[in-house]
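Asker: Please read through the structure below; I'll follow up with questions.
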Amino acid sequence: MEVVYFAGGCLWGVQAFIKTLPGVKFTEAGRANGTSHTLEGDYDGYAESVKTGFDPTVVTISELMGYLFEIINPYSLNKQGQDVGEKYRTGVYSEKPEHLKEAKAFLSERNDYDLIVVEVLPLINYVRSAEEHQDRLAKCPNDYCHIPEEILSRYK
């Protein structure tokens, strides 16, 4: 099992989508690369992210990146759907340099590489989101989500 962190706008939909993917063993809603180690206080630069545990014999980082690109607008800086702000930026974070190398290779092989604003960075900090945000769309299916239902349920 390996772990990578994906940011794709509001984490409710990102988590709901990622947990349905082949090879994904667990997900957790959280905050990546902020400066604080708590949920308290002012915004600290984090990106809403989904901690993703996956089996690398079933799914690769490159394949996971392909799935991420199904649910994001990779050209939109700090905005996905109606969610606007730095915390809604898109990105991939990992403690494993190999993951970052593979994610960067995925991006660089695309014809639209120069337009993409998805960041690929080492994970320097992660804070688990409050319980109310874990699997939020499963608990509150009528809450707003920037990802259309037909995409959210594509791999169920």
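The way I read the labels, and the way they are meant: chains A, B, ... in the order of the structure tokens, residue 1 as the first residue of every chain, and ligand 1 as the first ligand shown, with later ones counted on from there.
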For range 16-41 of chain A against range 119-131 of chain A, with a cut-off of 12 Å and counting only C-alpha atoms, what is the closest atom pair and its distance in Å to one decimal for every residue that makes the cut, ordered by chain and number, as CSV?

Answerer:
residue,atom,partner,partner_atom,distance
A:Thr27,CA,A:Arg128,CA,10.8
A:Glu28,CA,A:Arg128,CA,7.2
A:Ala29,CA,A:Ser129,CA,5.5
A:Gly30,CA,A:Arg128,CA,4.2
A:Arg31,CA,A:Val127,CA,5.2
A:Ala32,CA,A:Tyr126,CA,4.6
A:Asn33,CA,A:Asn125,CA,4.6
A:Gly34,CA,A:Asn125,CA,6.2
A:Thr35,CA,A:Asn125,CA,7.1
A:Ser36,CA,A:Asn125,CA,8.0
A:His37,CA,A:Val127,CA,6.1
A:Thr38,CA,A:Val127,CA,6.5
A:Leu39,CA,A:Ser129,CA,7.2
A:Glu40,CA,A:Ala130,CA,10.6

Asker: Take the selection from the previous step and output its residues with C-alpha atoms, as a tab-separated table (two decimals), in the first residue's frame.

Answerer:
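Once everything was written out, this is part.tsv:
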chain	number	residue	atom	x	y	z
A	27	THR	CA	-9.47	7.82	1.47
A	28	GLU	CA	-9.44	10.55	4.09
A	29	ALA	CA	-10.45	14.20	3.77
A	30	GLY	CA	-7.76	16.63	4.88
A	31	ARG	CA	-5.56	19.64	4.33
A	32	ALA	CA	-2.21	19.42	2.58
A	33	ASN	CA	0.77	21.73	2.86
A	34	GLY	CA	-0.58	24.35	5.21
A	35	THR	CA	1.59	25.75	7.97
A	36	SER	CA	-0.57	24.74	10.93
A	37	HIS	CA	-0.86	21.32	12.53
A	38	THR	CA	-4.44	21.96	13.70
A	39	LEU	CA	-7.79	22.86	12.17
A	40	GLU	CA	-7.99	25.98	14.34

Asker: As number ranges by chain, which residues of chain A does DSSP assign to helix (DSSP H, G or I)?

Answerer: A: 11-18, 61-71, 86-88, 97-108, 113-115, 131-133, 136-139, 149-152

Asker: Any chance you could export the current selection's N, CA and C atoms as a CSV table (one decimal), in the first residue's frame?

Answerer:
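So the final result, stored in out.csv, reads:
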chain,number,residue,atom,x,y,z
A,11,LEU,N,-13.1,19.1,-1.4
A,11,LEU,CA,-12.7,17.7,-1.1
A,11,LEU,C,-13.9,16.8,-1.0
A,12,TRP,N,-15.1,17.3,-0.8
A,12,TRP,CA,-16.2,16.3,-0.7
A,12,TRP,C,-16.4,15.5,-1.9
A,13,GLY,N,-16.4,16.1,-3.1
A,13,GLY,CA,-16.6,15.4,-4.3
A,13,GLY,C,-15.3,14.6,-4.7
A,14,VAL,N,-14.2,15.2,-4.5
A,14,VAL,CA,-12.9,14.5,-4.8
A,14,VAL,C,-12.9,13.2,-4.0
A,15,GLN,N,-13.2,13.2,-2.7
A,15,GLN,CA,-13.2,12.0,-1.9
A,15,GLN,C,-14.2,11.0,-2.4
A,16,ALA,N,-15.4,11.5,-2.7
A,16,ALA,CA,-16.5,10.6,-3.2
A,16,ALA,C,-16.1,9.9,-4.5
A,17,PHE,N,-15.4,10.6,-5.4
A,17,PHE,CA,-14.9,10.0,-6.7
A,17,PHE,C,-13.8,9.1,-6.5
A,18,ILE,N,-12.7,9.5,-5.8
A,18,ILE,CA,-11.5,8.7,-5.6
A,18,ILE,C,-11.8,7.4,-4.9
A,61,ILE,N,0.4,5.9,-10.3
A,61,ILE,CA,0.2,7.3,-10.1
A,61,ILE,C,-0.3,7.9,-11.4
A,62,SER,N,0.3,7.5,-12.5
A,62,SER,CA,-0.1,8.1,-13.8
A,62,SER,C,-1.6,7.8,-14.1
A,63,GLU,N,-2.0,6.6,-13.7
A,63,GLU,CA,-3.5,6.3,-13.9
A,63,GLU,C,-4.3,7.1,-13.0
A,64,LEU,N,-3.9,7.3,-11.7
A,64,LEU,CA,-4.6,8.1,-10.8
A,64,LEU,C,-4.7,9.5,-11.3
A,65,MET,N,-3.6,10.0,-11.9
A,65,MET,CA,-3.6,11.4,-12.4
A,65,MET,C,-4.7,11.5,-13.5
A,66,GLY,N,-4.8,10.4,-14.4
A,66,GLY,CA,-5.8,10.4,-15.4
A,66,GLY,C,-7.2,10.5,-14.9
A,67,TYR,N,-7.4,9.8,-13.8
A,67,TYR,CA,-8.7,9.9,-13.1
A,67,TYR,C,-8.9,11.3,-12.5
A,68,LEU,N,-7.9,11.9,-11.9
A,68,LEU,CA,-8.1,13.2,-11.4
A,68,LEU,C,-8.5,14.2,-12.5
A,69,PHE,N,-7.9,14.0,-13.6
A,69,PHE,CA,-8.2,15.0,-14.7
A,69,PHE,C,-9.6,14.8,-15.3
A,70,GLU,N,-10.3,13.7,-14.9
A,70,GLU,CA,-11.7,13.6,-15.2
A,70,GLU,C,-12.6,14.5,-14.4
A,71,ILE,N,-12.1,14.9,-13.2
A,71,ILE,CA,-13.0,15.7,-12.3
A,71,ILE,C,-12.5,17.1,-12.1
A,86,GLU,N,-7.6,30.0,-2.8
A,86,GLU,CA,-6.4,29.2,-2.9
A,86,GLU,C,-6.5,27.8,-2.3
A,87,LYS,N,-7.4,27.6,-1.3
A,87,LYS,CA,-7.6,26.3,-0.8
A,87,LYS,C,-8.2,25.3,-1.7
A,88,TYR,N,-8.8,25.8,-2.8
A,88,TYR,CA,-9.4,25.0,-3.9
A,88,TYR,C,-8.5,24.7,-5.1
A,97,PRO,N,9.4,10.7,-3.6
A,97,PRO,CA,9.8,11.4,-4.8
A,97,PRO,C,9.4,10.7,-6.1
A,98,GLU,N,9.3,9.4,-6.0
A,98,GLU,CA,8.9,8.6,-7.2
A,98,GLU,C,7.5,9.0,-7.7
A,99,HIS,N,6.6,9.2,-6.7
A,99,HIS,CA,5.2,9.6,-7.0
A,99,HIS,C,5.3,10.9,-7.8
A,100,LEU,N,6.0,11.9,-7.2
A,100,LEU,CA,6.1,13.2,-7.8
A,100,LEU,C,6.7,13.2,-9.2
A,101,LYS,N,7.7,12.3,-9.4
A,101,LYS,CA,8.3,12.2,-10.7
A,101,LYS,C,7.3,11.6,-11.7
A,102,GLU,N,6.6,10.6,-11.3
A,102,GLU,CA,5.6,10.1,-12.2
A,102,GLU,C,4.4,11.0,-12.5
A,103,ALA,N,4.0,11.8,-11.5
A,103,ALA,CA,3.0,12.8,-11.7
A,103,ALA,C,3.5,13.9,-12.7
A,104,LYS,N,4.7,14.4,-12.5
A,104,LYS,CA,5.3,15.4,-13.4
A,104,LYS,C,5.4,14.8,-14.9
A,105,ALA,N,5.8,13.5,-15.0
A,105,ALA,CA,5.9,12.9,-16.3
A,105,ALA,C,4.5,12.9,-17.0
A,106,PHE,N,3.5,12.5,-16.2
A,106,PHE,CA,2.1,12.5,-16.8
A,106,PHE,C,1.8,13.9,-17.3
A,107,LEU,N,2.1,15.0,-16.6
A,107,LEU,CA,1.7,16.3,-17.0
A,107,LEU,C,2.6,16.7,-18.3
A,108,SER,N,3.8,16.4,-18.2
A,108,SER,CA,4.7,16.9,-19.3
A,108,SER,C,4.5,16.1,-20.6
A,113,TYR,N,0.4,20.9,-21.8
A,113,TYR,CA,1.2,21.1,-20.6
A,113,TYR,C,1.4,22.5,-20.2
A,114,ASP,N,1.6,23.4,-21.1
A,114,ASP,CA,1.9,24.8,-20.8
A,114,ASP,C,0.7,25.6,-20.2
A,115,LEU,N,-0.5,25.0,-20.3
A,115,LEU,CA,-1.7,25.6,-19.8
A,115,LEU,C,-2.1,25.1,-18.4
A,131,GLU,N,-14.5,15.4,11.4
A,131,GLU,CA,-15.3,14.3,11.1
A,131,GLU,C,-16.5,14.6,10.2
A,132,GLU,N,-17.0,15.8,10.3
A,132,GLU,CA,-18.2,16.2,9.5
A,132,GLU,C,-17.8,16.3,8.0
A,133,HIS,N,-16.5,16.4,7.7
A,133,HIS,CA,-16.1,16.5,6.3
A,133,HIS,C,-15.7,15.1,5.7
A,136,ARG,N,-18.4,13.2,3.2
A,136,ARG,CA,-19.5,14.2,3.4
A,136,ARG,C,-20.7,13.9,2.4
A,137,LEU,N,-20.4,13.6,1.2
A,137,LEU,CA,-21.5,13.4,0.2
A,137,LEU,C,-22.2,12.1,0.4
A,138,ALA,N,-21.6,11.1,1.0
A,138,ALA,CA,-22.3,9.9,1.4
A,138,ALA,C,-23.3,10.2,2.5
A,139,LYS,N,-23.0,11.1,3.4
A,139,LYS,CA,-23.8,11.5,4.6
A,139,LYS,C,-24.9,12.5,4.2
A,149,GLU,N,-22.9,14.2,-11.0
A,149,GLU,CA,-23.2,12.9,-10.5
A,149,GLU,C,-22.8,11.8,-11.4
A,150,GLU,N,-23.0,12.0,-12.7
A,150,GLU,CA,-22.6,10.9,-13.7
A,150,GLU,C,-21.1,10.6,-13.6
A,151,ILE,N,-20.3,11.6,-13.3
A,151,ILE,CA,-18.9,11.4,-13.2
A,151,ILE,C,-18.6,10.8,-11.8
A,152,LEU,N,-19.2,11.3,-10.8
A,152,LEU,CA,-19.0,10.8,-9.4
A,152,LEU,C,-19.3,9.3,-9.3

Asker: Suppose you want the space between CA of Gly85 in chain A and CA of Tyr5 in chain A; what is it in Å?

Answerer: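 Pair CA of Gly85 in chain A / CA of Tyr5 in chain A returns 18.8 Å.
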
Asker: Between A:Ser49, A:Asn111, A:Gln134, A:Ser153, which has the minimum distance to Arg89 in chain A (counting only C-alpha atoms)?

Answerer: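 Smallest distance to Arg89 in chain A is found for A:Ser49.
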
Asker: What is the CA of Asp55 in chain A-CA of Leu21 in chain A distance in Å, reported with one decimal?

Answerer: 11.0 Å

Asker: Taking 4 positions as the minimum chain separation for residues in the same chain, which residues sit within 8 Å of Cys10 in chain A when counting only C-alpha atoms? Answer as a list in words.

Answerer: Val14, Glu48, Gln80, Asp83, Tyr88, Cys145 and His146 of chain A

Asker: Which residues in range 1-107 of chain A does DSSP call strand (DSSP E or B)? List them as an MDAnalysis selection string.

Answerer: chainID A and resid 2:8 24:32 47:54 79:80 83:84 90:94

Asker: With only C-alpha atoms as the counted atoms, please give the residues lying no more than 6 Å from Gly23 in chain A, apart from itself and same-chain residues fewer than 5 positions off, as a list in words.

Answerer: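 The residues satisfying every condition are Phe54, Asp55, Val58 and Val59 of chain A.
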
Asker: Save out the residues we just selected, all heavy atoms, as a compact mmCIF listing (two decimals), in the first residue's frame.

Answerer:
# COMPACT_ATOMS: atom_id res chain seq x y z
N PHE A 54 -3.47 3.45 -1.88
CA PHE A 54 -3.73 2.65 -3.08
C PHE A 54 -2.74 1.51 -3.20
O PHE A 54 -1.65 1.54 -2.64
CB PHE A 54 -3.70 3.54 -4.33
CG PHE A 54 -2.33 4.09 -4.67
CD1 PHE A 54 -1.55 3.49 -5.64
CD2 PHE A 54 -1.83 5.19 -4.00
CE1 PHE A 54 -0.28 3.98 -5.94
CE2 PHE A 54 -0.57 5.70 -4.29
CZ PHE A 54 0.20 5.09 -5.26
N ASP A 55 -3.15 0.51 -3.96
CA ASP A 55 -2.31 -0.65 -4.24
C ASP A 55 -1.60 -0.40 -5.57
O ASP A 55 -2.25 -0.40 -6.62
CB ASP A 55 -3.19 -1.90 -4.32
CG ASP A 55 -2.40 -3.17 -4.60
OD1 ASP A 55 -1.22 -3.09 -5.02
OD2 ASP A 55 -2.98 -4.25 -4.42
N VAL A 58 -2.19 -2.47 -8.67
CA VAL A 58 -3.48 -2.38 -9.34
C VAL A 58 -3.60 -1.07 -10.12
O VAL A 58 -4.13 -1.05 -11.23
CB VAL A 58 -4.64 -2.50 -8.32
CG1 VAL A 58 -5.99 -2.33 -8.99
CG2 VAL A 58 -4.57 -3.82 -7.59
N VAL A 59 -3.12 0.03 -9.54
CA VAL A 59 -3.25 1.36 -10.16
C VAL A 59 -1.95 2.15 -9.95
O VAL A 59 -1.36 2.08 -8.87
CB VAL A 59 -4.49 2.10 -9.62
CG1 VAL A 59 -4.35 2.45 -8.15
CG2 VAL A 59 -4.81 3.33 -10.46

Asker: Measuring atom to atom with only C-alpha atoms, identify which of A:Pro74, A:Gly53, A:Gly81, A:Pro22 is nearest to Ser94 in chain A.

Answerer: A:Gly53
